[in-house]
Amino acid sequence: CNGLTKLSDLTLRLWAGVLEACPGSRLLIEAQNVALAGTRELVEARLLAHQIDLERVELVDRVAENQYLMYNRIDIALDATPYTGGTTTCDALWMGVPVVSLTGEAFHQRISSIFLKDCGLDPLICEDEAAYVRMASELAADVGRLNELRLSLRQRVETSPMTDAPAFAAWFEEQAYALCHARKGMPEAKPEREQGVYFGGTWYSTTDMVLSVAAHIETGEYEKLHNVLENLSSTWYRHWMVSYGLAVYKYHMASRTEAIDLLIEA
């Protein structure tokens, strides 16, 4: 599901090796304009040059509304190399599709491996061609292991650094401060401040938000509570306070099953 420009000869050689090692398997290539006559002929010629049987290949034109639906048809994603996937790798993992990737020393060879490592998927990061083919074929041969892995991927992504926006924002702020404090005449050490959120043109500390949520619950102002939680959830979607506040709101709205689920999450 990457761009056709990433289909290097090395990538096609790896895919040919995986197909040879996995009898009965099929290769699905989804890419923009791959259904156009001239493009299809070019891709098919390159596949044949690498001894890939076209009867085992399906070329699918990329359509925006199928961006995530297509992953329902894919058991294992075979990463391109040396230009590995970025957003595509994230999409695949989010949709429960493991990605086998060949890594290298340069940044463009390691983009997928960053996300795989974040999700605890180090075994899918391969150091050489033989390891790539072996990992893909072993995963394909062990349906139980593959299924267990697929079922765990969404949670792995949700709890990984790759989706921790507040942590990234804090790191980015530190880097920006370190680069510009001398030029702007600011103190060398970045001033500490309480954790919080910024919305509506104002900074609200954690204490402010906890007190606001607690006050609305105490006074029974559930619509105001919901408004506060809507603002909080965009930044603190993992915070127990958001889940707890929503549980109270859902209980008030007679959605008791949802309220219990939210309490468990909190």
# chains A, B, ... in the order shown; residues from 1 in each chain; ligands from 1
>>> residues_around(residues="Phe107 in chain A", least_positions_apart="3", cutoff="12 Å", atoms="only C-alpha atoms", output="VMD selection string")
chain A and resid 81 to 86 103 to 104 110 to 114
>>> residues_around(residues="Met135 in chain A", least_positions_apart="2", cutoff="12 Å", atoms="only C-alpha atoms", output="NGL selection string")
:A and (14 or 17-18 or 21-22 or 76-78 or 98-102 or 121-133 or 137-142 or 146)
>>> select_by_dssp(residues="range 175-219 of chain A", states="strand (DSSP E)", output="list in words")
Gly196, Val197, Tyr198, Phe199, Thr202, Trp203, Tyr204 and Ser205 of chain A
>>> write_last_selection(atoms="all heavy atoms", output="short mmCIF file (atom, residue, chain, number, x, y, z; two decimals), in the first residue's frame")
data_model
loop_
_atom_site.label_atom_id
_atom_site.label_comp_id
_atom_site.auth_asym_id
_atom_site.auth_seq_id
_atom_site.Cartn_x
_atom_site.Cartn_y
_atom_site.Cartn_z
N GLY A 196 -0.93 20.75 32.06
CA GLY A 196 -2.25 21.30 31.78
C GLY A 196 -2.60 21.21 30.32
O GLY A 196 -1.98 20.47 29.57
N VAL A 197 -3.60 21.98 29.93
CA VAL A 197 -4.04 22.02 28.54
C VAL A 197 -4.25 23.46 28.10
O VAL A 197 -4.51 24.34 28.92
CB VAL A 197 -5.35 21.22 28.33
CG1 VAL A 197 -5.13 19.75 28.55
CG2 VAL A 197 -6.44 21.73 29.24
N TYR A 198 -4.16 23.66 26.79
CA TYR A 198 -4.35 25.00 26.22
C TYR A 198 -5.50 24.93 25.24
O TYR A 198 -5.46 24.19 24.26
CB TYR A 198 -3.07 25.43 25.50
CG TYR A 198 -3.13 26.83 24.93
CD1 TYR A 198 -2.77 27.93 25.69
CD2 TYR A 198 -3.53 27.05 23.61
CE1 TYR A 198 -2.81 29.21 25.18
CE2 TYR A 198 -3.58 28.32 23.08
CZ TYR A 198 -3.23 29.40 23.87
OH TYR A 198 -3.28 30.67 23.35
N PHE A 199 -6.56 25.66 25.52
CA PHE A 199 -7.65 25.74 24.55
C PHE A 199 -8.43 27.03 24.77
O PHE A 199 -8.40 27.61 25.86
CB PHE A 199 -8.58 24.52 24.61
CG PHE A 199 -9.29 24.31 25.92
CD1 PHE A 199 -10.48 24.98 26.21
CD2 PHE A 199 -8.78 23.44 26.86
CE1 PHE A 199 -11.14 24.78 27.40
CE2 PHE A 199 -9.44 23.23 28.07
CZ PHE A 199 -10.62 23.91 28.34
N THR A 202 -6.56 30.13 26.30
CA THR A 202 -6.16 30.20 27.70
C THR A 202 -5.49 28.90 28.13
O THR A 202 -5.87 27.82 27.68
CB THR A 202 -7.40 30.45 28.60
OG1 THR A 202 -8.06 31.63 28.16
CG2 THR A 202 -6.98 30.64 30.06
N TRP A 203 -4.50 29.03 29.02
CA TRP A 203 -3.84 27.86 29.60
C TRP A 203 -4.54 27.48 30.89
O TRP A 203 -4.76 28.31 31.76
CB TRP A 203 -2.38 28.17 29.87
CG TRP A 203 -1.69 27.09 30.67
CD1 TRP A 203 -1.48 27.04 32.01
CD2 TRP A 203 -1.14 25.89 30.14
NE1 TRP A 203 -0.85 25.89 32.37
CE2 TRP A 203 -0.61 25.15 31.24
CE3 TRP A 203 -1.03 25.34 28.85
CZ2 TRP A 203 0.01 23.92 31.08
CZ3 TRP A 203 -0.41 24.13 28.71
CH2 TRP A 203 0.10 23.43 29.81
N TYR A 204 -4.91 26.20 31.00
CA TYR A 204 -5.55 25.70 32.21
C TYR A 204 -4.66 24.61 32.83
O TYR A 204 -4.31 23.65 32.15
CB TYR A 204 -6.92 25.10 31.89
CG TYR A 204 -7.91 26.10 31.35
CD1 TYR A 204 -8.03 26.32 29.97
CD2 TYR A 204 -8.73 26.84 32.20
CE1 TYR A 204 -8.94 27.25 29.47
CE2 TYR A 204 -9.64 27.77 31.71
CZ TYR A 204 -9.73 27.97 30.34
OH TYR A 204 -10.62 28.89 29.85
N SER A 205 -4.34 24.77 34.10
CA SER A 205 -3.51 23.77 34.77
C SER A 205 -4.35 22.53 35.09
O SER A 205 -5.58 22.56 35.06
CB SER A 205 -2.94 24.34 36.07
OG SER A 205 -3.97 24.52 37.03
#
>>> atom_distance(atom1="CA of Tyr71 in chain A", atom2="CA of Ala92 in chain A")
6.7 Å
>>> select_by_dssp(residues="range 121-162 of chain A", states="alpha helix (DSSP H)", output="PyMOL selection string")
chain A and resi 129-141+143-158
>>> atom_distance(atom1="CA of Arg73 in chain A", atom2="CA of Pro23 in chain A")
18.1 Å
>>> residues_around(residues="Val43 in chain A", least_positions_apart="6", cutoff="10 Å", atoms="only C-alpha atoms", output="list in words")
Leu4, Leu7, Ile29, Val34, Ala35, Ala49 and Leu59 of chain A
>>> residues_around(residues="Gln32 in chain A", least_positions_apart="5", cutoff="10 Å", atoms="only C-alpha atoms", output="PDB file with C-alpha atoms, in the first residue's frame")
ATOM      1  CA  CYS A   1       0.000   0.000   0.000  1.00  0.00           C
ATOM      2  CA  ASN A   2       2.947   2.345  -0.586  1.00  0.00           C
ATOM      3  CA  GLY A   3       3.630   4.520  -3.631  1.00  0.00           C
ATOM      4  CA  LEU A   4       4.867   2.836  -6.809  1.00  0.00           C
ATOM      5  CA  THR A  39       1.288   1.792 -15.509  1.00  0.00           C
ATOM      6  CA  VAL A  60      -5.596  -2.550  -6.978  1.00  0.00           C
ATOM      7  CA  ASP A  61      -5.999   1.144  -7.702  1.00  0.00           C
ATOM      8  CA  ARG A  62      -5.880   3.295  -4.567  1.00  0.00           C
ATOM      9  CA  VAL A  63      -9.207   4.931  -3.730  1.00  0.00           C
ATOM     10  CA  ALA A  64      -9.374   7.351  -0.806  1.00  0.00           C
TER      11      ALA A  64
END
>>> closest_residue(among="A:Met209, A:Gln109, A:Asn66, A:Trp171", to="Trp236 in chain A", atoms="only C-alpha atoms")
A:Met209
>>> closest_residue(among="A:Gly200, A:Glu105, A:Asp75, A:Asp91", to="Arg145 in chain A", atoms="only C-alpha atoms")
A:Asp75
>>> residues_around(residues="range 253-256 of chain A", least_positions_apart="5", cutoff="12 Å", atoms="only C-alpha atoms", output="PyMOL selection string")
chain A and resi 220+222-223+226+246-248+261-263
>>> write_last_selection(atoms="C-alpha atoms", output="PDB file, in the first residue's frame")
ATOM      1  CA  GLY A 220     -25.126  18.368  38.717  1.00  0.00           C
ATOM      2  CA  TYR A 222     -23.927  17.782  33.360  1.00  0.00           C
ATOM      3  CA  GLU A 223     -23.997  19.739  30.101  1.00  0.00           C
ATOM      4  CA  HIS A 226     -19.682  17.442  29.040  1.00  0.00           C
ATOM      5  CA  LEU A 246     -17.698  10.791  31.008  1.00  0.00           C
ATOM      6  CA  ALA A 247     -18.851   7.821  33.088  1.00  0.00           C
ATOM      7  CA  VAL A 248     -20.753  10.165  35.410  1.00  0.00           C
ATOM      8  CA  ASP A 261     -17.139   0.540  30.654  1.00  0.00           C
ATOM      9  CA  LEU A 262     -15.802   4.052  31.208  1.00  0.00           C
ATOM     10  CA  LEU A 263     -15.424   3.451  34.949  1.00  0.00           C
TER      11      LEU A 263
END
